[in-house]
$ cat final-v2.cif   # mmCIF, C-alpha atoms
data_start
#
loop_
_atom_site.label_atom_id
_atom_site.label_comp_id
_atom_site.auth_asym_id
_atom_site.auth_seq_id
_atom_site.Cartn_x
_atom_site.Cartn_y
_atom_site.Cartn_z
CA MET E 17 49.45 -36.31 35.17
CA CYS E 18 46.88 -33.61 35.70
CA LEU E 19 46.13 -34.96 39.14
CA GLY E 20 47.32 -32.21 41.43
CA VAL E 21 46.82 -32.88 45.12
CA PRO E 22 45.88 -30.29 47.75
CA GLY E 23 48.32 -29.90 50.63
CA LYS E 24 49.03 -27.55 53.53
CA VAL E 25 52.13 -25.37 53.33
CA ILE E 26 54.04 -25.91 56.59
CA GLU E 27 57.39 -24.26 55.82
CA LEU E 28 58.77 -21.79 53.26
CA TYR E 29 62.42 -21.12 52.39
CA GLU E 30 64.67 -20.24 49.46
CA VAL E 31 66.91 -22.56 47.40
CA ASN E 32 69.01 -21.21 44.48
CA GLY E 33 66.84 -18.10 44.47
CA MET E 34 63.64 -20.16 44.19
CA LYS E 35 60.77 -19.98 46.68
CA MET E 36 60.50 -23.54 48.02
CA GLY E 37 58.56 -25.12 50.85
CA LYS E 38 57.42 -28.22 52.66
CA VAL E 39 53.87 -29.41 52.11
CA ASP E 40 51.83 -31.72 54.34
CA PHE E 41 49.61 -34.09 52.36
CA GLY E 42 47.63 -35.61 55.25
CA GLY E 43 50.80 -36.72 57.03
CA ALA E 44 53.14 -37.23 54.08
CA ILE E 45 55.60 -34.34 53.82
CA LYS E 46 57.06 -33.39 50.43
CA GLU E 47 59.05 -30.47 49.06
CA ALA E 48 57.47 -28.17 46.47
CA CYS E 49 58.43 -25.08 44.51
CA PHE E 50 56.28 -21.97 45.10
CA GLU E 51 57.76 -19.61 42.50
CA TYR E 52 54.34 -19.49 40.82
CA LEU E 53 52.54 -18.57 44.05
CA PRO E 54 54.67 -15.66 45.31
CA GLU E 55 52.02 -14.54 47.80
CA ILE E 56 51.51 -17.89 49.51
CA GLU E 57 52.09 -18.11 53.26
CA VAL E 58 52.65 -20.89 55.78
CA GLY E 59 49.30 -22.40 56.77
CA SER E 60 47.69 -21.93 53.32
CA TYR E 61 46.46 -24.79 51.17
CA ALA E 62 47.46 -25.18 47.51
CA ILE E 63 47.20 -27.64 44.66
CA ILE E 64 50.61 -29.21 44.16
CA HIS E 65 51.44 -30.68 40.79
CA VAL E 66 54.72 -32.49 39.97
CA GLY E 67 56.41 -30.64 42.82
CA PHE E 68 55.03 -27.17 42.02
CA GLY E 69 52.35 -25.13 43.75
CA LEU E 70 49.97 -24.06 40.98
CA SER E 71 46.95 -22.60 42.72
CA GLU E 72 46.13 -21.49 46.24
CA VAL E 73 42.70 -22.51 47.52
CA ASP E 74 40.16 -19.69 47.44
CA GLU E 75 38.47 -19.91 50.85
CA GLU E 76 35.69 -17.55 49.78
CA GLU E 77 34.76 -19.86 46.89
CA VAL E 78 34.86 -22.88 49.22
CA GLU E 79 32.35 -21.11 51.48
CA LYS E 80 30.16 -20.26 48.46
CA THR E 81 30.15 -23.95 47.48
CA TYR E 82 29.01 -24.94 50.97
CA GLU E 83 26.30 -22.29 50.71
CA LEU E 84 25.24 -23.76 47.35
CA PHE E 85 24.82 -27.17 48.99
CA ARG E 86 22.77 -25.69 51.80
CA GLU E 87 20.51 -24.06 49.17
CA ILE E 88 20.15 -27.27 47.15
CA GLU E 89 19.29 -29.17 50.35
CA SER E 90 16.60 -26.69 51.35
CA PHE E 91 15.17 -26.57 47.79
CA SER E 92 15.18 -30.37 47.54
CA GLU E 93 13.11 -30.57 50.69
CA LYS E 94 10.61 -27.94 49.50
CA LEU E 95 10.15 -28.60 45.79
CA PRO E 96 8.43 -31.56 44.19
CA ASP E 97 10.23 -33.38 41.36
CA PRO E 98 8.84 -31.82 38.13
CA LYS E 99 9.02 -35.17 36.31
CA LYS E 100 6.86 -37.00 38.85
CA MET L 13 42.34 -34.51 54.36
CA LYS L 14 41.01 -30.95 54.16
CA TYR L 15 39.76 -29.88 50.69
CA LEU L 16 39.76 -33.50 49.54
CA ASP L 17 37.52 -35.62 51.78
CA GLU L 18 34.55 -33.24 51.57
CA TYR L 19 34.65 -33.44 47.77
CA ARG L 20 34.48 -37.24 47.93
CA ASP L 21 31.35 -37.11 50.05
CA LYS L 22 28.68 -39.60 48.94
CA GLU L 23 25.68 -37.57 50.14
CA LYS L 24 26.79 -34.37 48.40
CA THR L 25 27.41 -36.32 45.19
CA GLU L 26 23.95 -37.92 45.41
CA LEU L 27 22.37 -34.53 46.02
CA LEU L 28 23.93 -33.20 42.81
CA ILE L 29 22.91 -36.31 40.87
CA GLU L 30 19.32 -35.76 42.05
CA GLN L 31 19.52 -32.23 40.62
CA ILE L 32 20.88 -33.60 37.33
CA GLU L 33 17.98 -36.09 37.18
CA LYS L 34 15.52 -33.26 37.68
CA LYS L 35 17.09 -31.09 34.96
CA VAL L 36 17.71 -33.61 32.19
CA THR L 37 14.92 -34.09 29.62
CA ARG L 38 16.75 -35.62 26.63
CA PRO L 39 19.99 -37.48 25.78
CA TRP L 40 23.24 -35.48 26.00
CA SER L 41 26.83 -36.54 25.28
CA LEU L 42 29.45 -34.85 27.45
CA MET L 43 33.18 -35.27 27.01
CA GLU L 44 35.48 -35.09 30.01
CA ILE L 45 38.79 -33.91 28.59
CA CYS L 46 41.17 -35.21 31.22
CA GLY L 47 42.05 -38.85 31.78
CA GLY L 48 42.35 -38.11 35.50
CA GLN L 49 38.65 -37.21 35.43
CA THR L 50 37.88 -40.46 33.55
CA HIS L 51 39.57 -42.47 36.29
CA SER L 52 37.72 -40.59 39.02
CA ILE L 53 34.39 -41.17 37.23
CA MET L 54 35.07 -44.90 36.93
CA LYS L 55 36.46 -45.24 40.45
CA SER L 56 33.50 -43.49 42.06
CA GLY L 57 30.95 -45.21 39.79
CA LEU L 58 29.59 -41.82 38.73
CA ASP L 59 28.95 -43.10 35.19
CA GLN L 60 26.55 -45.68 36.62
CA LEU L 61 24.82 -43.28 39.01
CA LEU L 62 23.98 -40.70 36.36
CA PRO L 63 20.61 -40.83 34.57
CA PRO L 64 20.73 -42.91 31.35
CA GLU L 65 20.21 -39.80 29.20
CA ILE L 66 23.79 -38.71 29.99
CA ASN L 67 26.53 -40.35 27.96
CA LEU L 68 30.06 -39.59 29.16
CA ILE L 69 32.62 -39.71 26.36
CA HIS L 70 36.25 -39.96 27.39
CA GLY L 71 38.58 -37.39 25.87
CA PRO L 72 42.23 -37.27 24.81
CA GLY L 73 43.61 -35.75 28.02
CA CYS L 74 46.13 -38.43 28.81
CA PRO L 75 49.65 -37.16 28.02
CA VAL L 76 51.18 -40.62 28.33
CA CYS L 77 48.66 -41.91 25.76
CA VAL L 78 49.15 -39.19 23.17
CA THR L 79 52.96 -38.97 23.24
CA PRO L 80 53.87 -40.07 19.70
CA LEU L 81 55.50 -43.43 19.14
CA GLU L 82 58.46 -41.79 17.38
CA LEU L 83 59.30 -39.95 20.59
CA ILE L 84 58.89 -43.06 22.76
CA ASP L 85 61.30 -44.84 20.40
CA LYS L 86 63.69 -41.89 20.58
CA ALA L 87 63.50 -41.99 24.39
CA ILE L 88 64.31 -45.71 24.32
CA SER L 89 67.34 -45.07 22.04
CA LEU L 90 68.64 -42.20 24.19
CA ALA L 91 68.10 -44.08 27.46
CA SER L 92 70.10 -47.02 26.06
CA MET L 93 73.23 -44.87 25.62
CA PRO L 94 75.84 -45.50 28.35
CA GLU L 95 76.65 -41.83 29.02
CA ILE L 96 73.01 -40.93 29.67
CA ILE L 97 70.87 -40.86 32.79
CA PHE L 98 67.29 -40.83 31.54
CA CYS L 99 64.69 -39.40 33.95
CA SER L 100 60.94 -39.75 33.56
CA TYR L 101 57.61 -39.83 35.36
CA GLY L 102 56.85 -43.46 36.25
CA ASP L 103 53.96 -43.95 33.82
CA MET L 104 56.13 -43.48 30.76
CA LEU L 105 58.33 -46.48 31.54
CA ARG L 106 55.68 -49.06 30.62
CA VAL L 107 54.44 -47.36 27.44
CA PRO L 108 55.15 -49.73 24.56
CA GLY L 109 57.53 -48.45 21.90
CA SER L 110 58.06 -50.16 18.57
CA VAL L 111 60.39 -52.58 20.35
CA GLY L 112 60.30 -52.81 24.14
CA ASN L 113 59.82 -49.94 26.60
CA LEU L 114 61.89 -47.88 29.04
CA PHE L 115 61.59 -50.61 31.67
CA SER L 116 63.24 -53.07 29.29
CA VAL L 117 66.06 -50.54 28.78
CA ARG L 118 66.51 -50.39 32.56
CA ALA L 119 66.43 -54.19 32.81
CA ALA L 120 69.21 -54.30 30.20
CA GLY L 121 71.38 -52.02 32.35
CA GLY L 122 70.34 -48.55 31.18
CA ASP L 123 70.27 -45.79 33.82
CA VAL L 124 66.55 -44.95 33.75
CA ARG L 125 65.23 -43.18 36.84
CA ILE L 126 61.68 -42.40 37.95
CA ILE L 127 61.37 -38.93 39.37
CA TYR L 128 58.62 -36.89 41.03
CA SER L 129 59.50 -33.45 39.67
CA PRO L 130 61.71 -32.10 36.85
CA LEU L 131 63.70 -30.26 39.53
CA ASP L 132 64.81 -33.74 40.73
CA ALA L 133 66.27 -34.37 37.25
CA LEU L 134 68.10 -31.04 37.44
CA ARG L 135 69.53 -32.05 40.82
CA ILE L 136 70.68 -35.40 39.34
CA ALA L 137 72.42 -33.47 36.52
CA LYS L 138 74.25 -31.25 39.01
CA ASN L 139 75.34 -34.29 41.03
CA ASN L 140 76.56 -36.19 37.93
CA PRO L 141 78.54 -33.68 35.84
CA GLU L 142 80.27 -36.49 33.90
CA LYS L 143 76.90 -37.74 32.59
CA GLU L 144 74.23 -36.27 30.30
CA VAL L 145 70.86 -36.12 32.05
CA ILE L 146 67.71 -36.13 29.93
CA PHE L 147 64.24 -35.56 31.33
CA PHE L 148 61.22 -36.83 29.39
CA GLY L 149 59.13 -33.65 29.50
CA ILE L 150 55.64 -34.74 28.55
CA GLY L 151 52.25 -33.39 29.50
CA PHE L 152 49.57 -30.80 28.95
CA GLU L 153 49.62 -27.22 30.27
CA THR L 154 49.74 -28.55 33.85
CA THR L 155 53.32 -29.85 33.61
CA ALA L 156 54.54 -26.98 31.41
CA PRO L 157 55.27 -24.60 34.35
CA ALA L 158 57.39 -27.27 36.06
CA ASN L 159 59.33 -28.10 32.88
CA ALA L 160 59.77 -24.41 32.04
CA MET L 161 61.21 -23.76 35.52
CA ALA L 162 63.63 -26.71 35.26
CA VAL L 163 65.00 -25.42 31.95
CA PHE L 164 65.10 -21.81 33.18
CA GLN L 165 67.01 -22.91 36.29
CA ALA L 166 69.39 -25.05 34.20
CA LYS L 167 70.23 -21.98 32.12
CA THR L 168 70.47 -19.64 35.13
CA GLN L 169 72.67 -22.06 37.11
CA GLY L 170 74.75 -23.05 34.06
CA VAL L 171 73.87 -26.76 34.20
CA GLU L 172 74.89 -27.75 30.69
CA ASN L 173 74.56 -31.53 31.01
CA PHE L 174 70.77 -31.25 31.38
CA SER L 175 68.21 -31.40 28.57
CA ILE L 176 64.54 -32.18 28.03
CA LEU L 177 62.94 -34.47 25.48
CA VAL L 178 59.84 -32.33 24.98
CA SER L 179 56.42 -33.68 24.09
CA HIS L 180 54.06 -30.98 25.28
CA VAL L 181 50.49 -30.78 24.06
CA THR L 182 47.73 -28.24 24.73
CA VAL L 183 44.00 -28.63 25.26
CA PRO L 184 42.25 -25.92 23.17
CA PRO L 185 43.47 -27.20 19.75
CA ALA L 186 42.38 -30.72 20.74
CA ILE L 187 38.87 -29.49 21.59
CA ARG L 188 38.70 -27.75 18.21
CA ALA L 189 39.89 -30.92 16.42
CA ILE L 190 37.24 -33.00 18.21
CA LEU L 191 34.48 -30.51 17.39
CA GLU L 192 35.52 -30.49 13.73
CA SER L 193 35.61 -34.29 13.47
CA PRO L 194 32.54 -35.67 11.68
CA GLU L 195 32.81 -38.89 13.71
CA VAL L 196 32.44 -37.36 17.15
CA ASN L 197 29.23 -35.93 18.52
CA VAL L 198 29.85 -33.98 21.71
CA ASP L 199 27.15 -31.68 23.14
CA GLY L 200 29.26 -30.22 25.94
CA PHE L 201 32.75 -30.39 27.44
CA LEU L 202 34.03 -30.76 30.98
CA ALA L 203 37.34 -28.88 30.79
CA ALA L 204 40.30 -30.11 32.84
CA GLY L 205 40.38 -28.12 36.08
CA HIS L 206 44.12 -28.12 36.67
CA VAL L 207 44.95 -27.13 33.09
CA CYS L 208 42.65 -24.16 33.69
CA ALA L 209 44.33 -23.45 37.06
CA VAL L 210 47.45 -22.69 34.98
CA MET L 211 46.02 -21.21 31.78
CA GLY L 212 42.64 -19.86 32.96
CA TYR L 213 39.58 -20.39 30.80
CA TRP L 214 39.54 -17.28 28.63
CA GLU L 215 40.91 -19.41 25.75
CA TYR L 216 37.74 -21.53 25.79
CA GLU L 217 35.28 -18.66 25.42
CA PRO L 218 35.79 -18.15 21.63
CA ILE L 219 35.66 -21.96 21.13
CA ALA L 220 32.33 -22.28 22.96
CA LYS L 221 30.96 -19.40 20.87
CA LYS L 222 32.28 -20.58 17.50
CA TYR L 223 31.11 -24.19 17.89
CA GLN L 224 28.01 -23.34 19.95
CA THR L 225 29.08 -25.84 22.59
CA PRO L 226 29.14 -25.19 26.34
CA ILE L 227 32.38 -25.81 28.21
CA VAL L 228 32.45 -26.18 32.00
CA VAL L 229 35.70 -26.03 33.98
CA THR L 230 35.51 -29.12 36.18
CA GLY L 231 37.53 -30.63 39.03
CA PHE L 232 38.51 -34.20 39.74
CA GLU L 233 36.66 -35.44 42.81
CA PRO L 234 33.16 -36.97 42.54
CA VAL L 235 31.45 -33.87 43.97
CA ASP L 236 33.41 -31.62 41.58
CA LEU L 237 32.57 -33.84 38.60
CA ALA L 238 28.87 -34.03 39.49
CA ARG L 239 28.82 -30.23 39.85
CA GLY L 240 30.50 -29.81 36.44
CA ILE L 241 28.01 -32.21 34.82
CA LEU L 242 25.08 -30.40 36.49
CA ASN L 243 26.32 -27.00 35.23
CA CYS L 244 26.79 -28.37 31.71
CA ILE L 245 23.32 -30.01 31.66
CA GLN L 246 21.75 -26.78 32.92
CA LEU L 247 23.38 -24.83 30.08
CA LEU L 248 22.34 -27.41 27.48
CA GLU L 249 18.75 -27.73 28.73
CA GLU L 250 18.34 -23.95 28.83
CA GLY L 251 19.88 -23.60 25.34
CA LYS L 252 22.70 -21.41 26.67
CA ILE L 253 26.20 -21.37 25.24
CA GLY L 254 29.23 -20.27 27.19
CA VAL L 255 31.99 -21.19 29.59
CA GLU L 256 31.25 -21.76 33.27
CA ASN L 257 33.60 -22.42 36.14
CA ALA L 258 32.54 -25.32 38.37
CA TYR L 259 35.96 -25.47 40.06
CA PRO L 260 36.24 -21.94 41.45
CA ARG L 261 38.19 -22.86 44.57
CA TYR L 262 41.28 -23.37 42.38
CA VAL L 263 40.54 -21.77 38.99
CA GLN L 264 40.29 -18.13 38.00
CA GLN L 265 39.48 -16.87 34.52
CA GLN L 266 42.97 -15.50 33.90
CA GLY L 267 44.79 -18.54 35.37
CA ASN L 268 48.21 -18.37 37.01
CA LEU L 269 49.90 -15.40 35.33
CA GLU L 270 53.34 -16.09 36.84
CA ALA L 271 53.31 -19.60 35.35
CA GLN L 272 52.07 -18.34 31.96
CA LYS L 273 54.87 -15.76 31.90
CA LEU L 274 57.63 -18.36 32.25
CA ILE L 275 55.91 -20.78 29.82
CA LYS L 276 55.90 -17.97 27.23
CA SER L 277 59.54 -17.10 27.80
CA VAL L 278 60.79 -20.72 27.50
CA PHE L 279 58.47 -22.38 24.98
CA GLU L 280 57.04 -21.58 21.57
CA ILE L 281 53.93 -23.04 19.99
CA CYS L 282 54.44 -25.78 17.38
CA ASP L 283 52.51 -28.43 15.47
CA ARG L 284 52.43 -31.70 17.39
CA LYS L 285 51.63 -35.26 16.44
CA TRP L 286 49.28 -37.01 18.88
CA ARG L 287 49.64 -40.78 19.13
CA GLY L 288 46.58 -42.48 17.68
CA ILE L 289 45.11 -39.19 16.42
CA GLY L 290 47.71 -37.65 14.11
CA ASN L 291 49.03 -34.16 13.60
CA ILE L 292 47.11 -31.28 15.20
CA PRO L 293 48.37 -27.89 14.04
CA MET L 294 49.69 -25.51 16.72
CA SER L 295 48.85 -27.99 19.46
CA GLY L 296 52.19 -28.29 21.24
CA TYR L 297 55.08 -26.51 22.89
CA ARG L 298 58.77 -26.80 22.07
CA LEU L 299 61.74 -24.97 23.58
CA ASN L 300 62.39 -21.67 21.85
CA GLU L 301 65.69 -20.46 20.38
CA ASP L 302 66.98 -19.10 23.70
CA TYR L 303 66.72 -22.54 25.26
CA GLU L 304 67.54 -24.77 22.29
CA LYS L 305 70.70 -26.17 23.87
CA PHE L 306 68.46 -27.77 26.50
CA ASP L 307 66.36 -29.49 23.83
CA ALA L 308 67.38 -33.18 23.81
CA GLU L 309 66.11 -33.66 20.23
CA ARG L 310 68.45 -30.94 18.96
CA LYS L 311 71.30 -31.83 21.34
CA PHE L 312 71.28 -35.49 20.28
CA SER L 313 70.24 -34.91 16.69
CA GLY L 314 72.72 -37.59 15.58
CA ILE L 315 70.23 -40.27 16.58
CA GLN L 316 69.03 -42.00 13.46
CA GLU L 317 65.42 -41.79 12.36
CA ILE L 318 63.73 -44.80 13.85
CA GLN L 319 61.36 -46.99 11.86
CA THR L 320 58.25 -47.07 14.04
CA ASN L 321 55.92 -50.02 14.28
CA GLU L 322 52.47 -49.32 15.73
CA SER L 323 50.17 -52.16 16.78
CA SER L 324 47.60 -52.91 14.08
CA VAL L 325 44.90 -54.11 16.51
CA CYS L 326 44.98 -51.25 19.04
CA ILE L 327 42.05 -48.81 18.72
CA SER L 328 43.44 -46.25 21.19
CA GLY L 329 43.21 -43.49 18.56
CA GLU L 330 39.45 -43.96 18.31
CA ILE L 331 39.19 -44.17 22.11
CA LEU L 332 41.17 -40.94 22.57
CA GLN L 333 38.86 -39.15 20.16
CA GLY L 334 35.73 -40.46 21.86
CA ILE L 335 34.65 -42.49 18.80
CA LYS L 336 34.76 -45.82 20.67
CA LYS L 337 34.82 -46.92 24.29
CA PRO L 338 37.48 -49.29 25.67
CA ASP L 339 35.18 -52.28 26.04
CA GLU L 340 34.40 -52.15 22.31
CA CYS L 341 37.96 -53.36 21.60
CA SER L 342 38.40 -57.06 20.82
CA GLU L 343 41.71 -57.14 22.72
CA PHE L 344 40.44 -55.34 25.83
CA GLY L 345 41.02 -57.35 29.00
CA SER L 346 42.16 -60.40 27.07
CA ARG L 347 45.41 -59.80 25.14
CA CYS L 348 45.64 -56.19 26.36
CA THR L 349 45.84 -55.62 30.13
CA PRO L 350 47.67 -53.07 32.32
CA GLU L 351 50.36 -55.71 32.94
CA PHE L 352 50.83 -56.39 29.22
CA PRO L 353 49.45 -53.31 27.44
CA ILE L 354 49.21 -53.24 23.66
CA GLY L 355 48.34 -49.55 23.58
CA ALA L 356 49.23 -46.55 25.73
CA THR L 357 45.62 -46.05 26.90
CA MET L 358 45.95 -49.31 28.87
CA VAL L 359 49.16 -48.15 30.58
CA SER L 360 48.57 -44.85 32.18
CA ASP L 361 46.75 -43.86 35.34
CA GLU L 362 44.92 -41.49 33.03
CA GLY L 363 44.23 -43.90 30.16
CA ALA L 364 40.57 -44.77 29.56
CA CYS L 365 41.32 -48.48 28.93
CA ALA L 366 43.21 -48.77 32.23
CA ALA L 367 40.28 -47.06 34.01
CA TYR L 368 37.74 -49.50 32.51
CA PHE L 369 39.97 -52.45 33.37
CA ARG L 370 40.81 -51.36 36.90
CA TYR L 371 37.26 -50.52 37.90
CA GLY L 372 35.64 -53.56 36.30
CA ARG L 373 33.61 -52.00 33.49
CA MET L 374 34.37 -54.99 31.25
CA LYS L 375 32.30 -57.28 33.45
CA LEU L 376 29.21 -55.15 32.96
CA SER L 377 29.67 -54.78 29.22
CA ARG L 378 30.30 -58.49 28.69
CA THR L 379 27.12 -59.34 30.64
CA ASN L 380 25.13 -56.88 28.57
CA PHE L 381 26.22 -58.37 25.29
#
$ encode --input "final-v2.cif" --output "structure tokens"
Amino acid sequence: MCLGVPGKVIELYEVNGMKMGKVDFGGAIKEACFEYLPEIEVGSYAIIHVGFGLSEVDEEEVEKTYELFREIESFSEKLPDPKK
Amino acid sequence: MKYLDEYRDKEKTELLIEQIEKKVTRPWSLMEICGGQTHSIMKSGLDQLLPPEINLIHGPGCPVCVTPLELIDKAISLASMPEIIFCSYGDMLRVPGSVGNLFSVRAAGGDVRIIYSPLDALRIAKNNPEKEVIFFGIGFETTAPANAMAVFQAKTQGVENFSILVSHVTVPPAIRAILESPEVNVDGFLAAGHVCAVMGYWEYEPIAKKYQTPIVVTGFEPVDLARGILNCIQLLEEGKIGVENAYPRYVQQQGNLEAQKLIKSVFEICDRKWRGIGNIPMSGYRLNEDYEKFDAERKFSGIQEIQTNESSVCISGEILQGIKKPDECSEFGSRCTPEFPIGATMVSDEGACAAYFRYGRMKLSRTNF
């Protein structure tokens, strides 16, 4: 039940005063409520959970994670294993 | 799919496991809180790739598993009434009650519907004004914003034939209960990433400090889990206590403030019984006074108290607390299977027993014995 899935917001509109939208999950299109992400725009990615957008992806943090992997890779090549 | 495939990458996961192997010098027991994380660990084989010093203990974060039997029985009684359309997430339909389950109610002619979102249940209520529509509102802090919105919208739009059977639980009191249990020995926690996407992780900071136990906010894909484990091992090996965020692309310290605002205006904190564990004080949400007419328990209070009958052989309570692992149960994989579950932990997509069964951990354990 905690398994939110990331999807791309492809359309935003209003229903009964609620911010709603269509989300593309790798080809499967579902409706979601975006009342909790008032700033979200078409083209953004968000975690969708039981039909609600809960968190927009932080692109800066994604880039930092990639940077972290690049660092680990370069360290792994340079440093010997301390246990060996 | 973007933001999913790259976090299932085998090479990145192996790279992080290499780092864990380099860091770890002694045995550590880590508990992943969420059952979704347990399934991902089992599915990816992460538990078998990690160095033997790391013992992963599976936590109570499976809402289907911890919903008390009394409430399952109440759901079965309500769903059996002819004037009611009973809506639920699919997992709840197979959870065994004292007698039968929601599927057996449906087989007997009850109007039990599986829905994707509580807003679907609200729509069903609007389209069926002659019926009473009840939604089984279970879950941790992740489903609370959705349930809060459904009730708020029902009130705003004047949908009076809609109510929720609420069984909400929250993570921080469960962590405290586990840390205070003399039977459980957890060195560090992997907190559930999507719970933290809603609530943030500021609530965990005093817990980490008080119990001197590191807590790392962790995601659900193999790369996310390996990163969370690496962060936790680093903290433990360096003797540091605190809360770290290993899922920063979705989680911020303060969480989703809009969601928290509506949760606070619709729910109030209450004691909650957890199936297999017992009562945990201040560990749940119930609808507050302003929304009490949408509370199915109060709306249908005429339903008689039901005599519950819990299985005497099921050890799901010990599994949910991390005291035992699924393959230590005598019924596991023999009398108890996902098709014919004895306990709720064998039912759900987040239950530890179902994870062990589905991903074949019983074969390994039987060979070892």
$ residues_around --input "final-v2.cif" --residues "L:Leu68" --least-positions-apart "4" --cutoff "8 Å" --atoms "all atoms listed in the file" --output "NGL selection string"
:L and (41-44 or 59)
$ resolve_selection --input "final-v2.cif" --expression "the PyMOL selection byres ((chain L) within 7 of (chain E))" --output "list in words"
Met13, Tyr15, Lys34, Gly48, Tyr128, Ser129, Gly151, Thr154, Ala158, His206, Ala209, Val210, Pro260, Arg261, Tyr262, Glu270 and Ala271 of chain L
$ write_last_selection --input "final-v2.cif" --atoms "C-alpha atoms" --output "mmCIF file, in the coordinates of the input"
data_model
loop_
_atom_site.group_PDB
_atom_site.id
_atom_site.type_symbol
_atom_site.label_atom_id
_atom_site.label_comp_id
_atom_site.auth_asym_id
_atom_site.auth_seq_id
_atom_site.Cartn_x
_atom_site.Cartn_y
_atom_site.Cartn_z
ATOM 1 C CA MET L 13 42.340 -34.510 54.360
ATOM 2 C CA TYR L 15 39.760 -29.880 50.690
ATOM 3 C CA LYS L 34 15.520 -33.260 37.680
ATOM 4 C CA GLY L 48 42.350 -38.110 35.500
ATOM 5 C CA TYR L 128 58.620 -36.890 41.030
ATOM 6 C CA SER L 129 59.500 -33.450 39.670
ATOM 7 C CA GLY L 151 52.250 -33.390 29.500
ATOM 8 C CA THR L 154 49.740 -28.550 33.850
ATOM 9 C CA ALA L 158 57.390 -27.270 36.060
ATOM 10 C CA HIS L 206 44.120 -28.120 36.670
ATOM 11 C CA ALA L 209 44.330 -23.450 37.060
ATOM 12 C CA VAL L 210 47.450 -22.690 34.980
ATOM 13 C CA PRO L 260 36.240 -21.940 41.450
ATOM 14 C CA ARG L 261 38.190 -22.860 44.570
ATOM 15 C CA TYR L 262 41.280 -23.370 42.380
ATOM 16 C CA GLU L 270 53.340 -16.090 36.840
ATOM 17 C CA ALA L 271 53.310 -19.600 35.350
#
$ residues_around --input "final-v2.cif" --residues "L:Asn159" --least-positions-apart "6" --cutoff "9 Å" --atoms "all atoms listed in the file" --output "ChimeraX atom specification"
/L:129-131,149-150,176,178,275
$ write_last_selection --input "final-v2.cif" --atoms "C-alpha atoms" --output "compact mmCIF listing (two decimals), in the frame of the given file"
# COMPACT_ATOMS: atom_id res chain seq x y z
CA SER L 129 59.50 -33.45 39.67
CA PRO L 130 61.71 -32.10 36.85
CA LEU L 131 63.70 -30.26 39.53
CA GLY L 149 59.13 -33.65 29.50
CA ILE L 150 55.64 -34.74 28.55
CA ILE L 176 64.54 -32.18 28.03
CA VAL L 178 59.84 -32.33 24.98
CA ILE L 275 55.91 -20.78 29.82
$ residues_around --input "final-v2.cif" --residues "L:Ile127" --least-positions-apart "3" --cutoff "9 Å" --atoms "all atoms listed in the file" --output "mmCIF file with C-alpha atoms, in the coordinates of the input"
data_model
loop_
_atom_site.group_PDB
_atom_site.id
_atom_site.type_symbol
_atom_site.label_atom_id
_atom_site.label_comp_id
_atom_site.auth_asym_id
_atom_site.auth_seq_id
_atom_site.Cartn_x
_atom_site.Cartn_y
_atom_site.Cartn_z
ATOM 1 C CA CYS L 99 64.690 -39.400 33.950
ATOM 2 C CA SER L 100 60.940 -39.750 33.560
ATOM 3 C CA TYR L 101 57.610 -39.830 35.360
ATOM 4 C CA GLY L 102 56.850 -43.460 36.250
ATOM 5 C CA PRO L 130 61.710 -32.100 36.850
ATOM 6 C CA LEU L 131 63.700 -30.260 39.530
ATOM 7 C CA ASP L 132 64.810 -33.740 40.730
ATOM 8 C CA ALA L 133 66.270 -34.370 37.250
#
$ resolve_selection --input "final-v2.cif" --expression "the PyMOL selection byres ((chain L and resi 345) around 10)" --output "list in words"
Pro338, Asp339, Cys341, Ser342, Glu343, Phe344, Ser346, Arg347, Cys348, Thr349, Pro350, Phe352, Pro353, Met358, Cys365, Ala366, Tyr368, Phe369, Arg370, Gly372, Met374 and Lys375 of chain L
$ atom_distance --input "final-v2.cif" --atom1 "atom CA of L:Ile88" --atom2 "atom CA of L:Pro293"
26.0 Å
$ closest_residue --input "final-v2.cif" --among "L:Val181, L:Gln224, L:Glu304, L:Ile245" --to "L:Pro63" --atoms "all atoms listed in the file"
L:Ile245
$ resolve_selection --input "final-v2.cif" --expression "the PyMOL selection byres ((chain L and resi 329) around 12)" --output "VMD selection string"
chain L and resid 70 to 72 74 77 to 80 285 to 290 322 to 328 330 to 338 341 355 to 357 363 to 365
$ atom_distance --input "final-v2.cif" --atom1 "atom CA of L:Lys138" --atom2 "atom CA of L:Val163"
13.0 Å
$ residues_around --input "final-v2.cif" --residues "stretch 249-254 of chain L" --least-positions-apart "5" --cutoff "12 Å" --atoms "only C-alpha atoms" --output "MDAnalysis selection string"
chainID L and resid 32:40 199:201 213:229 241:244
$ residues_around --input "final-v2.cif" --residues "L:Tyr297" --least-positions-apart "5" --cutoff "7 Å" --atoms "all atoms listed in the file" --output "mmCIF file with C-alpha atoms, keeping the file's coordinate frame"
data_model
loop_
_atom_site.group_PDB
_atom_site.id
_atom_site.type_symbol
_atom_site.label_atom_id
_atom_site.label_comp_id
_atom_site.auth_asym_id
_atom_site.auth_seq_id
_atom_site.Cartn_x
_atom_site.Cartn_y
_atom_site.Cartn_z
ATOM 1 C CA HIS L 180 54.060 -30.980 25.280
ATOM 2 C CA VAL L 181 50.490 -30.780 24.060
ATOM 3 C CA PHE L 279 58.470 -22.380 24.980
ATOM 4 C CA GLU L 280 57.040 -21.580 21.570
ATOM 5 C CA ILE L 281 53.930 -23.040 19.990
ATOM 6 C CA CYS L 282 54.440 -25.780 17.380
#
